[in-house]
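As provided, structure29.cif (mmCIF, N, CA and C atoms) reads as follows.
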data_entry
#
loop_
_atom_site.group_PDB
_atom_site.id
_atom_site.type_symbol
_atom_site.label_atom_id
_atom_site.label_comp_id
_atom_site.auth_asym_id
_atom_site.auth_seq_id
_atom_site.Cartn_x
_atom_site.Cartn_y
_atom_site.Cartn_z
ATOM 1 N N MET A 184 -14.966 25.528 7.996
ATOM 2 C CA MET A 184 -14.335 24.247 8.243
ATOM 3 C C MET A 184 -13.161 24.069 7.279
ATOM 4 N N ASP A 185 -12.169 23.323 7.733
ATOM 5 C CA ASP A 185 -10.921 23.164 7.005
ATOM 6 C C ASP A 185 -10.852 21.886 6.191
ATOM 7 N N GLY A 186 -11.909 21.098 6.133
ATOM 8 C CA GLY A 186 -11.924 19.846 5.395
ATOM 9 C C GLY A 186 -13.220 19.105 5.645
ATOM 10 N N PHE A 187 -13.344 17.951 4.997
ATOM 11 C CA PHE A 187 -14.540 17.131 5.152
ATOM 12 C C PHE A 187 -14.368 16.167 6.319
ATOM 13 N N THR A 188 -15.419 15.933 7.081
ATOM 14 C CA THR A 188 -15.396 14.912 8.120
ATOM 15 C C THR A 188 -15.423 13.551 7.463
ATOM 16 N N VAL A 189 -15.231 12.501 8.251
ATOM 17 C CA VAL A 189 -15.230 11.151 7.689
ATOM 18 C C VAL A 189 -16.586 10.838 7.050
ATOM 19 N N GLY A 190 -17.670 11.275 7.662
ATOM 20 C CA GLY A 190 -19.000 11.032 7.087
ATOM 21 C C GLY A 190 -19.204 11.771 5.781
ATOM 22 N N GLN A 191 -18.772 13.020 5.735
ATOM 23 C CA GLN A 191 -18.898 13.810 4.506
ATOM 24 C C GLN A 191 -18.025 13.237 3.396
ATOM 25 N N ALA A 192 -16.809 12.829 3.749
ATOM 26 C CA ALA A 192 -15.906 12.244 2.750
ATOM 27 C C ALA A 192 -16.477 10.930 2.219
ATOM 28 N N ALA A 193 -17.060 10.145 3.102
ATOM 29 C CA ALA A 193 -17.673 8.879 2.680
ATOM 30 C C ALA A 193 -18.807 9.147 1.697
ATOM 31 N N GLU A 194 -19.648 10.090 2.026
ATOM 32 C CA GLU A 194 -20.780 10.421 1.151
ATOM 33 C C GLU A 194 -20.298 10.957 -0.196
ATOM 34 N N SER A 195 -19.257 11.751 -0.178
ATOM 35 C CA SER A 195 -18.745 12.378 -1.394
ATOM 36 C C SER A 195 -18.056 11.385 -2.335
ATOM 37 N N THR A 196 -17.444 10.337 -1.772
ATOM 38 C CA THR A 196 -16.627 9.436 -2.584
ATOM 39 C C THR A 196 -17.245 8.066 -2.820
ATOM 40 N N GLY A 197 -18.300 7.732 -2.090
ATOM 41 C CA GLY A 197 -18.927 6.432 -2.258
ATOM 42 C C GLY A 197 -18.343 5.332 -1.394
ATOM 43 N N TRP A 198 -17.329 5.634 -0.601
ATOM 44 C CA TRP A 198 -16.787 4.675 0.350
ATOM 45 C C TRP A 198 -17.592 4.798 1.640
ATOM 46 N N SER A 199 -17.628 3.766 2.447
ATOM 47 C CA SER A 199 -18.274 3.874 3.752
ATOM 48 C C SER A 199 -17.302 4.506 4.744
ATOM 49 N N ALA A 200 -17.844 5.073 5.802
ATOM 50 C CA ALA A 200 -16.985 5.663 6.841
ATOM 51 C C ALA A 200 -16.084 4.588 7.444
ATOM 52 N N ARG A 201 -16.634 3.391 7.612
ATOM 53 C CA ARG A 201 -15.828 2.286 8.148
ATOM 54 C C ARG A 201 -14.663 1.960 7.226
ATOM 55 N N MET A 202 -14.909 1.956 5.909
ATOM 56 C CA MET A 202 -13.844 1.661 4.951
ATOM 57 C C MET A 202 -12.786 2.758 4.957
ATOM 58 N N LEU A 203 -13.203 4.009 5.130
ATOM 59 C CA LEU A 203 -12.228 5.103 5.205
ATOM 60 C C LEU A 203 -11.299 4.914 6.396
ATOM 61 N N ARG A 204 -11.846 4.447 7.504
ATOM 62 C CA ARG A 204 -11.004 4.179 8.678
ATOM 63 C C ARG A 204 -10.038 3.033 8.385
ATOM 64 N N TYR A 205 -10.510 2.008 7.675
ATOM 65 C CA TYR A 205 -9.638 0.897 7.293
ATOM 66 C C TYR A 205 -8.515 1.380 6.371
ATOM 67 N N LEU A 206 -8.858 2.211 5.392
ATOM 68 C CA LEU A 206 -7.850 2.725 4.461
ATOM 69 C C LEU A 206 -6.794 3.542 5.193
ATOM 70 N N GLU A 207 -7.218 4.260 6.222
ATOM 71 C CA GLU A 207 -6.246 5.013 7.024
ATOM 72 C C GLU A 207 -5.357 4.058 7.809
ATOM 73 N N GLN A 208 -5.943 3.031 8.400
ATOM 74 C CA GLN A 208 -5.172 2.046 9.159
ATOM 75 C C GLN A 208 -4.142 1.361 8.261
ATOM 76 N N ALA A 209 -4.520 1.086 7.006
ATOM 77 C CA ALA A 209 -3.614 0.452 6.045
ATOM 78 C C ALA A 209 -2.633 1.451 5.445
ATOM 79 N N ARG A 210 -2.786 2.714 5.806
ATOM 80 C CA ARG A 210 -1.927 3.814 5.351
ATOM 81 C C ARG A 210 -2.017 4.036 3.844
ATOM 82 N N LEU A 211 -3.200 3.775 3.274
ATOM 83 C CA LEU A 211 -3.404 4.028 1.849
ATOM 84 C C LEU A 211 -3.887 5.449 1.611
ATOM 85 N N VAL A 212 -4.747 5.959 2.480
ATOM 86 C CA VAL A 212 -5.215 7.346 2.429
ATOM 87 C C VAL A 212 -5.238 7.839 3.874
ATOM 88 N N VAL A 213 -4.380 8.807 4.171
ATOM 89 C CA VAL A 213 -4.250 9.276 5.549
ATOM 90 C C VAL A 213 -4.666 10.748 5.627
ATOM 91 N N PRO A 214 -5.832 11.010 6.217
ATOM 92 C CA PRO A 214 -6.292 12.393 6.338
ATOM 93 C C PRO A 214 -5.571 13.126 7.466
ATOM 94 N N ARG A 215 -5.664 14.444 7.431
ATOM 95 C CA ARG A 215 -5.144 15.253 8.529
ATOM 96 C C ARG A 215 -6.066 15.066 9.733
ATOM 97 N N ARG A 216 -5.629 15.534 10.864
ATOM 98 C CA ARG A 216 -6.457 15.505 12.072
ATOM 99 C C ARG A 216 -6.660 16.934 12.560
ATOM 100 N N SER A 217 -7.855 17.190 13.061
ATOM 101 C CA SER A 217 -8.141 18.508 13.647
ATOM 102 C C SER A 217 -7.481 18.570 15.018
ATOM 103 N N GLY A 218 -7.498 19.733 15.625
ATOM 104 C CA GLY A 218 -6.927 19.886 16.955
ATOM 105 C C GLY A 218 -7.574 18.970 17.972
ATOM 106 N N SER A 219 -8.837 18.640 17.759
ATOM 107 C CA SER A 219 -9.534 17.742 18.685
ATOM 108 C C SER A 219 -9.491 16.285 18.227
ATOM 109 N N GLY A 220 -8.735 15.978 17.168
ATOM 110 C CA GLY A 220 -8.512 14.599 16.754
ATOM 111 C C GLY A 220 -9.431 14.064 15.669
ATOM 112 N N TYR A 221 -10.333 14.891 15.151
ATOM 113 C CA TYR A 221 -11.234 14.425 14.089
ATOM 114 C C TYR A 221 -10.489 14.338 12.761
ATOM 115 N N ARG A 222 -10.839 13.351 11.953
ATOM 116 C CA ARG A 222 -10.249 13.223 10.621
ATOM 117 C C ARG A 222 -10.782 14.351 9.740
ATOM 118 N N LEU A 223 -9.882 14.949 8.967
ATOM 119 C CA LEU A 223 -10.270 15.998 8.028
ATOM 120 C C LEU A 223 -9.733 15.637 6.650
ATOM 121 N N TYR A 224 -10.634 15.381 5.731
ATOM 122 C CA TYR A 224 -10.277 15.002 4.367
ATOM 123 C C TYR A 224 -10.290 16.239 3.489
ATOM 124 N N GLY A 225 -9.155 16.524 2.902
ATOM 125 C CA GLY A 225 -9.046 17.635 1.971
ATOM 126 C C GLY A 225 -9.211 17.156 0.537
ATOM 127 N N LEU A 226 -9.005 18.069 -0.394
ATOM 128 C CA LEU A 226 -9.144 17.747 -1.817
ATOM 129 C C LEU A 226 -8.203 16.611 -2.225
ATOM 130 N N ARG A 227 -6.984 16.617 -1.709
ATOM 131 C CA ARG A 227 -6.009 15.570 -2.050
ATOM 132 C C ARG A 227 -6.530 14.193 -1.651
ATOM 133 N N GLU A 228 -7.014 14.061 -0.416
ATOM 134 C CA GLU A 228 -7.507 12.774 0.058
ATOM 135 C C GLU A 228 -8.771 12.331 -0.695
ATOM 136 N N LEU A 229 -9.653 13.280 -1.000
ATOM 137 C CA LEU A 229 -10.856 12.937 -1.764
ATOM 138 C C LEU A 229 -10.483 12.421 -3.150
ATOM 139 N N ASN A 230 -9.497 13.061 -3.780
ATOM 140 C CA ASN A 230 -9.037 12.599 -5.095
ATOM 141 C C ASN A 230 -8.366 11.230 -4.998
ATOM 142 N N GLN A 231 -7.611 10.999 -3.919
ATOM 143 C CA GLN A 231 -6.991 9.690 -3.714
ATOM 144 C C GLN A 231 -8.064 8.606 -3.594
ATOM 145 N N LEU A 232 -9.117 8.898 -2.854
ATOM 146 C CA LEU A 232 -10.198 7.924 -2.673
ATOM 147 C C LEU A 232 -10.897 7.612 -3.993
ATOM 148 N N ARG A 233 -11.152 8.634 -4.777
ATOM 149 C CA ARG A 233 -11.806 8.418 -6.071
ATOM 150 C C ARG A 233 -10.907 7.630 -7.022
ATOM 151 N N SER A 234 -9.623 7.991 -7.058
ATOM 152 C CA SER A 234 -8.712 7.285 -7.962
ATOM 153 C C SER A 234 -8.451 5.855 -7.480
ATOM 154 N N LEU A 235 -8.515 5.632 -6.189
ATOM 155 C CA LEU A 235 -8.362 4.283 -5.655
ATOM 156 C C LEU A 235 -9.501 3.387 -6.128
ATOM 157 N N ARG A 236 -10.699 3.911 -6.143
ATOM 158 C CA ARG A 236 -11.846 3.141 -6.642
ATOM 159 C C ARG A 236 -11.671 2.810 -8.128
ATOM 160 N N ARG A 237 -11.229 3.791 -8.914
ATOM 161 C CA ARG A 237 -11.012 3.546 -10.354
ATOM 162 C C ARG A 237 -9.914 2.505 -10.569
ATOM 163 N N LEU A 238 -8.856 2.584 -9.790
ATOM 164 C CA LEU A 238 -7.752 1.627 -9.887
ATOM 165 C C LEU A 238 -8.247 0.211 -9.612
ATOM 166 N N ARG A 239 -9.042 0.053 -8.578
ATOM 167 C CA ARG A 239 -9.592 -1.259 -8.241
ATOM 168 C C ARG A 239 -10.518 -1.766 -9.341
ATOM 169 N N ASP A 240 -11.364 -0.878 -9.857
ATOM 170 C CA ASP A 240 -12.298 -1.286 -10.915
ATOM 171 C C ASP A 240 -11.569 -1.665 -12.196
ATOM 172 N N ARG A 241 -10.569 -0.894 -12.558
ATOM 173 C CA ARG A 241 -9.871 -1.113 -13.829
ATOM 174 C C ARG A 241 -9.000 -2.365 -13.816
ATOM 175 N N PHE A 242 -8.272 -2.581 -12.704
ATOM 176 C CA PHE A 242 -7.304 -3.666 -12.671
ATOM 177 C C PHE A 242 -7.695 -4.832 -11.757
ATOM 178 N N GLY A 243 -8.812 -4.711 -11.057
ATOM 179 C CA GLY A 243 -9.234 -5.788 -10.162
ATOM 180 C C GLY A 243 -8.287 -6.004 -8.996
ATOM 181 N N VAL A 244 -7.677 -4.939 -8.519
ATOM 182 C CA VAL A 244 -6.702 -5.024 -7.435
ATOM 183 C C VAL A 244 -7.431 -4.957 -6.094
ATOM 184 N N GLU A 245 -7.051 -5.838 -5.182
ATOM 185 C CA GLU A 245 -7.630 -5.835 -3.840
ATOM 186 C C GLU A 245 -6.904 -4.826 -2.953
ATOM 187 N N LEU A 246 -7.588 -4.337 -1.949
ATOM 188 C CA LEU A 246 -6.980 -3.365 -1.041
ATOM 189 C C LEU A 246 -5.776 -3.941 -0.307
ATOM 190 N N THR A 247 -5.821 -5.221 0.029
ATOM 191 C CA THR A 247 -4.674 -5.834 0.703
ATOM 192 C C THR A 247 -3.442 -5.850 -0.207
ATOM 193 N N GLU A 248 -3.667 -6.034 -1.510
ATOM 194 C CA GLU A 248 -2.546 -6.000 -2.456
ATOM 195 C C GLU A 248 -1.951 -4.598 -2.533
ATOM 196 N N LEU A 249 -2.813 -3.599 -2.560
ATOM 197 C CA LEU A 249 -2.328 -2.221 -2.596
ATOM 198 C C LEU A 249 -1.606 -1.856 -1.307
ATOM 199 N N ALA A 250 -2.126 -2.317 -0.190
ATOM 200 C CA ALA A 250 -1.472 -2.051 1.095
ATOM 201 C C ALA A 250 -0.083 -2.686 1.119
ATOM 202 N N PHE A 251 0.036 -3.902 0.559
ATOM 203 C CA PHE A 251 1.337 -4.553 0.519
ATOM 204 C C PHE A 251 2.296 -3.811 -0.415
ATOM 205 N N ALA A 252 1.795 -3.361 -1.556
ATOM 206 C CA ALA A 252 2.637 -2.593 -2.481
ATOM 207 C C ALA A 252 3.126 -1.309 -1.802
ATOM 208 N N ALA A 253 2.262 -0.668 -1.028
ATOM 209 C CA ALA A 253 2.667 0.546 -0.305
ATOM 210 C C ALA A 253 3.731 0.207 0.737
ATOM 211 N N ARG A 254 3.584 -0.939 1.405
ATOM 212 C CA ARG A 254 4.594 -1.364 2.378
ATOM 213 C C ARG A 254 5.942 -1.586 1.720
ATOM 214 N N LEU A 255 5.921 -2.158 0.514
ATOM 215 C CA LEU A 255 7.179 -2.383 -0.210
ATOM 216 C C LEU A 255 7.910 -1.067 -0.454
ATOM 217 N N ARG A 256 7.169 -0.008 -0.715
ATOM 218 C CA ARG A 256 7.791 1.301 -0.948
ATOM 219 C C ARG A 256 8.357 1.880 0.343
ATOM 220 N N ARG A 257 7.688 1.621 1.472
ATOM 221 C CA ARG A 257 8.107 2.207 2.753
ATOM 222 C C ARG A 257 9.221 1.432 3.434
ATOM 223 N N GLU A 258 9.312 0.122 3.168
ATOM 224 C CA GLU A 258 10.235 -0.738 3.909
ATOM 225 C C GLU A 258 11.267 -1.369 2.972
ATOM 226 N N PRO A 259 12.445 -0.749 2.885
ATOM 227 C CA PRO A 259 13.474 -1.264 1.973
ATOM 228 C C PRO A 259 13.886 -2.707 2.265
ATOM 229 N N GLY A 260 13.931 -3.114 3.535
ATOM 230 C CA GLY A 260 14.306 -4.488 3.872
ATOM 231 C C GLY A 260 13.319 -5.501 3.317
ATOM 232 N N LEU A 261 12.052 -5.194 3.450
ATOM 233 C CA LEU A 261 11.007 -6.069 2.901
ATOM 234 C C LEU A 261 11.104 -6.108 1.385
ATOM 235 N N ARG A 262 11.294 -4.949 0.774
ATOM 236 C CA ARG A 262 11.412 -4.882 -0.682
ATOM 237 C C ARG A 262 12.577 -5.740 -1.167
ATOM 238 N N GLY A 263 13.719 -5.650 -0.492
ATOM 239 C CA GLY A 263 14.883 -6.445 -0.878
ATOM 240 C C GLY A 263 14.636 -7.936 -0.734
ATOM 241 N N ALA A 264 13.970 -8.319 0.347
ATOM 242 C CA ALA A 264 13.673 -9.736 0.562
ATOM 243 C C ALA A 264 12.730 -10.273 -0.512
ATOM 244 N N VAL A 265 11.735 -9.490 -0.879
ATOM 245 C CA VAL A 265 10.796 -9.917 -1.923
ATOM 246 C C VAL A 265 11.510 -9.993 -3.269
ATOM 247 N N GLU A 266 12.360 -9.014 -3.575
ATOM 248 C CA GLU A 266 13.099 -9.040 -4.838
ATOM 249 C C GLU A 266 14.024 -10.247 -4.898
ATOM 250 N N THR A 267 14.652 -10.575 -3.779
ATOM 251 C CA THR A 267 15.523 -11.746 -3.733
ATOM 252 C C THR A 267 14.717 -13.015 -3.978
ATOM 253 N N TRP A 268 13.575 -13.106 -3.330
ATOM 254 C CA TRP A 268 12.730 -14.289 -3.518
ATOM 255 C C TRP A 268 12.254 -14.399 -4.964
ATOM 256 N N LEU A 269 11.818 -13.282 -5.540
ATOM 257 C CA LEU A 269 11.352 -13.303 -6.926
ATOM 258 C C LEU A 269 12.466 -13.691 -7.883
ATOM 259 N N ALA A 270 13.664 -13.207 -7.626
ATOM 260 C CA ALA A 270 14.802 -13.562 -8.478
ATOM 261 C C ALA A 270 15.058 -15.064 -8.402
ATOM 262 N N GLY A 271 14.916 -15.642 -7.231
ATOM 263 C CA GLY A 271 15.116 -17.081 -7.068
ATOM 264 C C GLY A 271 14.051 -17.900 -7.758
ATOM 265 N N ALA A 272 12.846 -17.374 -7.820
ATOM 266 C CA ALA A 272 11.747 -18.096 -8.456
ATOM 267 C C ALA A 272 11.894 -18.124 -9.975
ATOM 268 N N GLU A 273 12.714 -17.235 -10.512
ATOM 269 C CA GLU A 273 12.854 -17.123 -11.964
ATOM 270 C C GLU A 273 14.022 -17.922 -12.531
ATOM 271 N N ILE A 274 14.887 -18.466 -11.676
ATOM 272 C CA ILE A 274 16.078 -19.129 -12.203
ATOM 273 C C ILE A 274 15.841 -20.609 -12.411
ATOM 274 N N GLY A 275 16.647 -21.214 -13.268
ATOM 275 C CA GLY A 275 16.563 -22.647 -13.534
ATOM 276 C C GLY A 275 17.358 -23.439 -12.511
ATOM 277 N N ALA A 276 17.193 -24.745 -12.525
ATOM 278 C CA ALA A 276 17.860 -25.615 -11.555
ATOM 279 C C ALA A 276 19.375 -25.526 -11.662
ATOM 280 N N ALA A 277 19.900 -25.356 -12.856
ATOM 281 C CA ALA A 277 21.356 -25.302 -13.048
ATOM 282 C C ALA A 277 21.963 -24.074 -12.385
ATOM 283 N N ASP A 278 21.187 -23.015 -12.259
ATOM 284 C CA ASP A 278 21.702 -21.775 -11.677
ATOM 285 C C ASP A 278 21.456 -21.673 -10.172
ATOM 286 N N TRP A 279 20.849 -22.687 -9.572
ATOM 287 C CA TRP A 279 20.423 -22.603 -8.180
ATOM 288 C C TRP A 279 21.588 -22.379 -7.224
ATOM 289 N N VAL A 280 22.685 -23.101 -7.385
ATOM 290 C CA VAL A 280 23.825 -22.972 -6.479
ATOM 291 C C VAL A 280 24.407 -21.565 -6.573
ATOM 292 N N ASP A 281 24.534 -21.053 -7.793
ATOM 293 C CA ASP A 281 25.044 -19.697 -7.978
ATOM 294 C C ASP A 281 24.124 -18.672 -7.320
ATOM 295 N N TRP A 282 22.830 -18.862 -7.471
ATOM 296 C CA TRP A 282 21.866 -17.940 -6.863
ATOM 297 C C TRP A 282 21.975 -17.976 -5.338
ATOM 298 N N GLU A 283 22.074 -19.159 -4.754
ATOM 299 C CA GLU A 283 22.214 -19.292 -3.306
ATOM 300 C C GLU A 283 23.480 -18.592 -2.818
ATOM 301 N N GLN A 284 24.565 -18.724 -3.559
ATOM 302 C CA GLN A 284 25.815 -18.067 -3.186
ATOM 303 C C GLN A 284 25.653 -16.550 -3.181
ATOM 304 N N ARG A 285 25.034 -16.000 -4.233
ATOM 305 C CA ARG A 285 24.817 -14.547 -4.304
ATOM 306 C C ARG A 285 23.886 -14.073 -3.195
ATOM 307 N N LYS A 286 22.878 -14.891 -2.864
ATOM 308 C CA LYS A 286 21.948 -14.539 -1.797
ATOM 309 C C LYS A 286 22.693 -14.414 -0.468
ATOM 310 N N HIS A 287 23.550 -15.386 -0.186
ATOM 311 C CA HIS A 287 24.313 -15.342 1.068
ATOM 312 C C HIS A 287 25.288 -14.161 1.100
ATOM 313 N N GLU A 288 25.864 -13.855 -0.032
ATOM 314 C CA GLU A 288 26.762 -12.706 -0.094
ATOM 315 C C GLU A 288 26.005 -11.402 0.196
ATOM 316 N N ARG A 289 24.784 -11.289 -0.361
ATOM 317 C CA ARG A 289 23.967 -10.086 -0.106
ATOM 318 C C ARG A 289 23.575 -10.005 1.365
ATOM 319 N N LEU A 290 23.230 -11.136 1.950
ATOM 320 C CA LEU A 290 22.843 -11.146 3.361
ATOM 321 C C LEU A 290 24.015 -10.744 4.251
ATOM 322 N N LEU A 291 25.204 -11.229 3.930
ATOM 323 C CA LEU A 291 26.383 -10.861 4.725
ATOM 324 C C LEU A 291 26.747 -9.405 4.552
ATOM 325 N N ALA A 292 26.497 -8.841 3.365
ATOM 326 C CA ALA A 292 26.827 -7.434 3.109
ATOM 327 C C ALA A 292 25.851 -6.502 3.805
ATOM 328 N N ALA A 293 24.623 -6.959 4.067
ATOM 329 C CA ALA A 293 23.592 -6.095 4.688
ATOM 330 C C ALA A 293 23.818 -5.928 6.130
#
Can you dump the structure from the file as structure tokens?
Amino acid sequence: MDGFTVGQAAESTGWSARMLRYLEQARLVVPRRSGSGYRLYGLRELNQLRSLRRLRDRFGVELTELAFAARLRREPGLRGAVETWLAGAEIGAADWVDWEQRKHERLLAA
């Protein structure tokens, strides 16, 4: 065999098979597929699953937060919009008009 099935990977890593399917749907851990469409988890995916559990335990991060962080990396438009919003949340009232002007300039340039 060329990898672990979803059941074997679940048993090996402590995640449930259902959770492994969710993680794939969220694109956090994406296993290869066999010719007949079965998920095949290799060493890389097993290590990702183990490190994901440690990350959650250490920092208290939810899977939805990690999925959103992964989306920010994949989608430059979303990343830019979030960065623009965060920049606006950090400015004082006196700088608001200037910030709005720069925001509109960025939107027109895109």
Using only C-alpha atoms, determine which residues lie at most 8 Å from A:Val189, disregarding the query and same-chain residues fewer than 4 positions distant; provide the list as a list in words.
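Here the qualifying residues turn out to be Ala193, Ala200, Leu203, Arg222, Leu223 and Tyr224 of chain A.
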Considering all atoms listed in the file, can you say which of A:Ala192, A:Leu211, A:Ala250, A:Asp185 comes closest to A:Gln231?
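Closest to A:Gln231 of all the choices is A:Leu211.
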Can you sort out the box for stretch 232-237 of chain A, edges along x, y and z, all listed atoms in, 8 Å on every side, with centre and edge lengths in Å to one decimal, as AutoDock Vina command-line options?
--center_x -10.1 --center_y 5.7 --center_z -6.6 --size_x 19.5 --size_y 22.4 --size_z 23.9
To one decimal place, how far is atom C of A:Arg237 from atom CA of A:Ser217 in Å?
29.1 Å
Distance atom C of A:Arg256-atom CA of A:Ala292, one decimal place?
20.9 Å
